[in-house]
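Notes follow once the structure below has been shown.
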Amino acid sequence: MTTTTTPPHPPIPTLTFYDIQMRPPLAETACSPNPTKSRLALNFKAVPYKTQWVALPSIADLRQSLHIPAGRKFADGSDFYTLPILHDPATDTFVGDSLDIAIYLDRTYPSEGAALFPSTPPRLDFEYDDKFGILVPLSNASEVAKGERYLAYAEFNRHVDAAFTMHTMLCVERMPFHPDTEKISKAEFCRRAGKKSWEEFATTSEMRKGLLASLQGTLGDLAKLFGRDTDGPFIMGARVCYADFIVGGWLRMLRVCLPADEWEEIRGWHGGVFGTLYEALEMYLTIE
C-alpha cells in the first residue's frame, strides 16, 4: 500500500521590520503609533521578524535609499517620510505603510495565526471631523487599501488617527527621544509645527485639563464601538482584528508619553474600555 505524506510547510524567512528608535530600554519606550500597529499585527500573525531600529533623522534617507515613496505630504507639498517599513526577503517586497503591511501579512501568510481582516468585518462607524487642520499629515489609503475588503479599515484608520493627532500636544513634552538624536529630533518637531523653540510645546495644567476633556469627549463614540459586544474587550468582542490594533497603536503612545496619573484617568474613561483593550493587547506588544 502506497502512502503519501504532506510535504512539510516551508519555513517562513525572517522579515525585517523598521521601527523608530527611542530612548533605551526600547521595550518600554517604543511608542510611535503607526509602527506599533504593525508590530501588533506581526506578533498576532506570529510571523518571524527582526526589528531594525532607525533614528528619527535617518528615516527620510532610509526610505529614499529603498525607493519607497513618502506616502504623505505636508500642506506645502513637501514629502513627509516616516515609518514603518516591512521587508520580506522571500518575495523581496518592501511595504511602507502600517495598513498595507497588515494587508500584505494576511495575503502572503494566510495560514499564520488568524486573519487580521475577518471575512465578516466589524462595524467601524466612527468619524472625526479634522476641519481644524492637522500639522502632521495623515496617511492616504493606497490602492490596495481601497479594495472592498479594506476600505472601511482605511477610513477608520484615518478618523482614529485624526482624533488622536489633534490631541498629541499632551504627549510631545515627554516624548522619549534617543539621547544621540534628541537635539535634531526636537528641532525637526519645531520645524513641522512652526515653533521657534522646544519650550513652545510646554503645556500648563489648565491646558492639559482642557485637552484631556476634549480627548475624552472625542473618544466617546469610539468607546461605544468597543462596548457593543460584551463577549470581550475587542471591537468584535472576543475576536481580535486589525481595527483593534489601529486604536492600540495610539493607546501605546499615550501609555508611554503621558504622566502616570493622566494615563490612569484615560484607562477609566467610558467604563474602562480603553484600559481593558490596552491590557488585552499587551501580549502582542512584544519587542522582537
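How things are named: the first chain in the C-alpha cells is A, the next is B, and so on; residues count from 1 in each chain; ligands count from 1 in the order shown.
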
Inset, instruction - Would you list the contacts of Leu86 in chain A as an NGL selection string, taking every protein, DNA or RNA residue within 9 Å and counting only C-alpha atoms, but skipping same-chain residues closer than 6 positions in sequence? - result: :A and (15-18 or 38 or 93-98 or 101)

How about saving the chosen residues, N, CA and C atoms kept, as a PDB file, in the first residue's frame?
ATOM      1  N   LEU A  15      11.433  38.234   8.475  1.00  0.00           N
ATOM      2  CA  LEU A  15      11.168  39.528   7.872  1.00  0.00           C
ATOM      3  C   LEU A  15      11.912  40.611   8.657  1.00  0.00           C
ATOM      4  N   THR A  16      12.162  41.734   8.026  1.00  0.00           N
ATOM      5  CA  THR A  16      12.776  42.871   8.711  1.00  0.00           C
ATOM      6  C   THR A  16      11.747  43.972   8.879  1.00  0.00           C
ATOM      7  N   PHE A  17      11.594  44.395  10.106  1.00  0.00           N
ATOM      8  CA  PHE A  17      10.620  45.423  10.457  1.00  0.00           C
ATOM      9  C   PHE A  17      11.377  46.667  10.916  1.00  0.00           C
ATOM     10  N   TYR A  18      11.134  47.777  10.253  1.00  0.00           N
ATOM     11  CA  TYR A  18      11.817  49.031  10.566  1.00  0.00           C
ATOM     12  C   TYR A  18      10.930  49.882  11.474  1.00  0.00           C
ATOM     13  N   SER A  38       1.785  48.002  13.299  1.00  0.00           N
ATOM     14  CA  SER A  38       2.399  46.912  12.536  1.00  0.00           C
ATOM     15  C   SER A  38       3.016  45.870  13.451  1.00  0.00           C
ATOM     16  N   THR A  93       9.965  42.031  -1.165  1.00  0.00           N
ATOM     17  CA  THR A  93       8.945  43.069  -1.163  1.00  0.00           C
ATOM     18  C   THR A  93       9.171  44.033  -0.004  1.00  0.00           C
ATOM     19  N   PHE A  94       9.090  45.315  -0.306  1.00  0.00           N
ATOM     20  CA  PHE A  94       9.118  46.351   0.730  1.00  0.00           C
ATOM     21  C   PHE A  94       7.728  46.979   0.808  1.00  0.00           C
ATOM     22  N   VAL A  95       7.203  47.090   2.012  1.00  0.00           N
ATOM     23  CA  VAL A  95       5.892  47.700   2.228  1.00  0.00           C
ATOM     24  C   VAL A  95       6.087  48.835   3.225  1.00  0.00           C
ATOM     25  N   GLY A  96       5.587  50.024   2.891  1.00  0.00           N
ATOM     26  CA  GLY A  96       5.913  51.202   3.686  1.00  0.00           C
ATOM     27  C   GLY A  96       4.755  51.916   4.329  1.00  0.00           C
ATOM     28  N   ASP A  97       3.709  51.191   4.732  1.00  0.00           N
ATOM     29  CA  ASP A  97       2.563  51.797   5.403  1.00  0.00           C
ATOM     30  C   ASP A  97       1.964  50.759   6.342  1.00  0.00           C
ATOM     31  N   SER A  98       1.506  51.204   7.515  1.00  0.00           N
ATOM     32  CA  SER A  98       1.043  50.241   8.523  1.00  0.00           C
ATOM     33  C   SER A  98      -0.151  49.415   8.047  1.00  0.00           C
ATOM     34  N   ILE A 101       0.966  46.999   5.396  1.00  0.00           N
ATOM     35  CA  ILE A 101       1.726  45.891   5.988  1.00  0.00           C
ATOM     36  C   ILE A 101       0.771  44.815   6.501  1.00  0.00           C
TER      37      ILE A 101
END

Inset, instruction - Find, counting only C-alpha atoms, the residue in A:Thr203, A:Asn157, A:Thr120, A:Thr218 that gets nearest to Asn140 in chain A. - result: A:Asn157

Inset, instruction - Please indicate the distance in Å from CA of Met166 in chain A to CA of Val144 in chain A, rounded to one decimal place. - result: 26.9 Å

Legend entry - For Ala90 in chain A, the nearest of the candidates A:Glu188, A:Pro25, A:Leu42, A:Ile12, counting only C-alpha atoms: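 Going through A:Glu188, A:Pro25, A:Leu42, A:Ile12 one by one, the smallest distance to Ala90 in chain A is for A:Ile12.
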
Inset, instruction - Taking the chain letters and numbering used in this document, name the residues of range 2-220 of chain A that DSSP puts in helix (DSSP H, G or I), as number ranges by chain. - result: A: 26-29, 33-45, 56-65, 98-108, 151-165, 169-172, 182-193, 198-201, 205-218, 220

Legend entry - Among the residues A:Met22, A:Val160, A:Ile246, A:Leu99, the one that comes closest to Glu182 in chain A [using only C-alpha atoms]: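 With only C-alpha atoms as the atom set, the closest residue is A:Met22.
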
Inset, instruction - Point out the residue among A:Val240, A:Leu151, A:Leu251, A:Ala202 with the least atom-to-atom distance to Glu264 in chain A, counting only C-alpha atoms. - result: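 Comparing A:Val240, A:Leu151, A:Leu251, A:Ala202 against Glu264 in chain A, the winner is A:Leu251.
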
Inset, instruction - Might you pull out every residue within 8 Å of range 51-66 of chain A, with only C-alpha atoms counted and same-chain residues fewer than 5 positions away left off, and present them as a ChimeraX atom specification? - result: /A:16-22,81-83,178,181,184-185,287-288

Legend entry - Contacts of Gly113 in chain A within 7 Å, only C-alpha atoms, excl. fewer than 5 positions in-chain, as a list in words: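 Listing them by chain and then by number gives Phe44, Lys45 and Ala46 of chain A.
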
Legend entry - Contacts of Glu155 in chain A within 10 Å, only C-alpha atoms, excl. fewer than 6 positions in-chain, as a list in words: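 With the cut-off at 10 Å, the set is Leu124, Asp125, Phe126, Glu127, Asn140, Ala141, Ala145, Lys146 and Asp161 of chain A.
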
Atoms to include: C-alpha atoms. Write the selected residues as a PDB file, in the first residue's frame.
ATOM      1  CA  LEU A 124     -16.403  50.728  12.043  1.00  0.00           C
ATOM      2  CA  ASP A 125     -18.757  53.691  12.060  1.00  0.00           C
ATOM      3  CA  PHE A 126     -16.522  56.219  13.821  1.00  0.00           C
ATOM      4  CA  GLU A 127     -15.863  59.595  12.249  1.00  0.00           C
ATOM      5  CA  ASN A 140      -3.730  58.323   2.428  1.00  0.00           C
ATOM      6  CA  ALA A 141      -5.203  54.936   1.612  1.00  0.00           C
ATOM      7  CA  ALA A 145      -6.299  49.568   0.947  1.00  0.00           C
ATOM      8  CA  LYS A 146      -9.119  50.995  -1.167  1.00  0.00           C
ATOM      9  CA  ASP A 161      -5.543  58.995  13.515  1.00  0.00           C
TER      10      ASP A 161
END

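In this comparison, which uses only C-alpha atoms, the residue of A:Ala115, A:Val247, A:Leu254, A:Ile68 approaching Met169 in chain A most closely is A:Leu254.
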
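The interatomic distance for the pair CA of Ala238 in chain A and CA of Trp263 in chain A works out to 24.4 Å.
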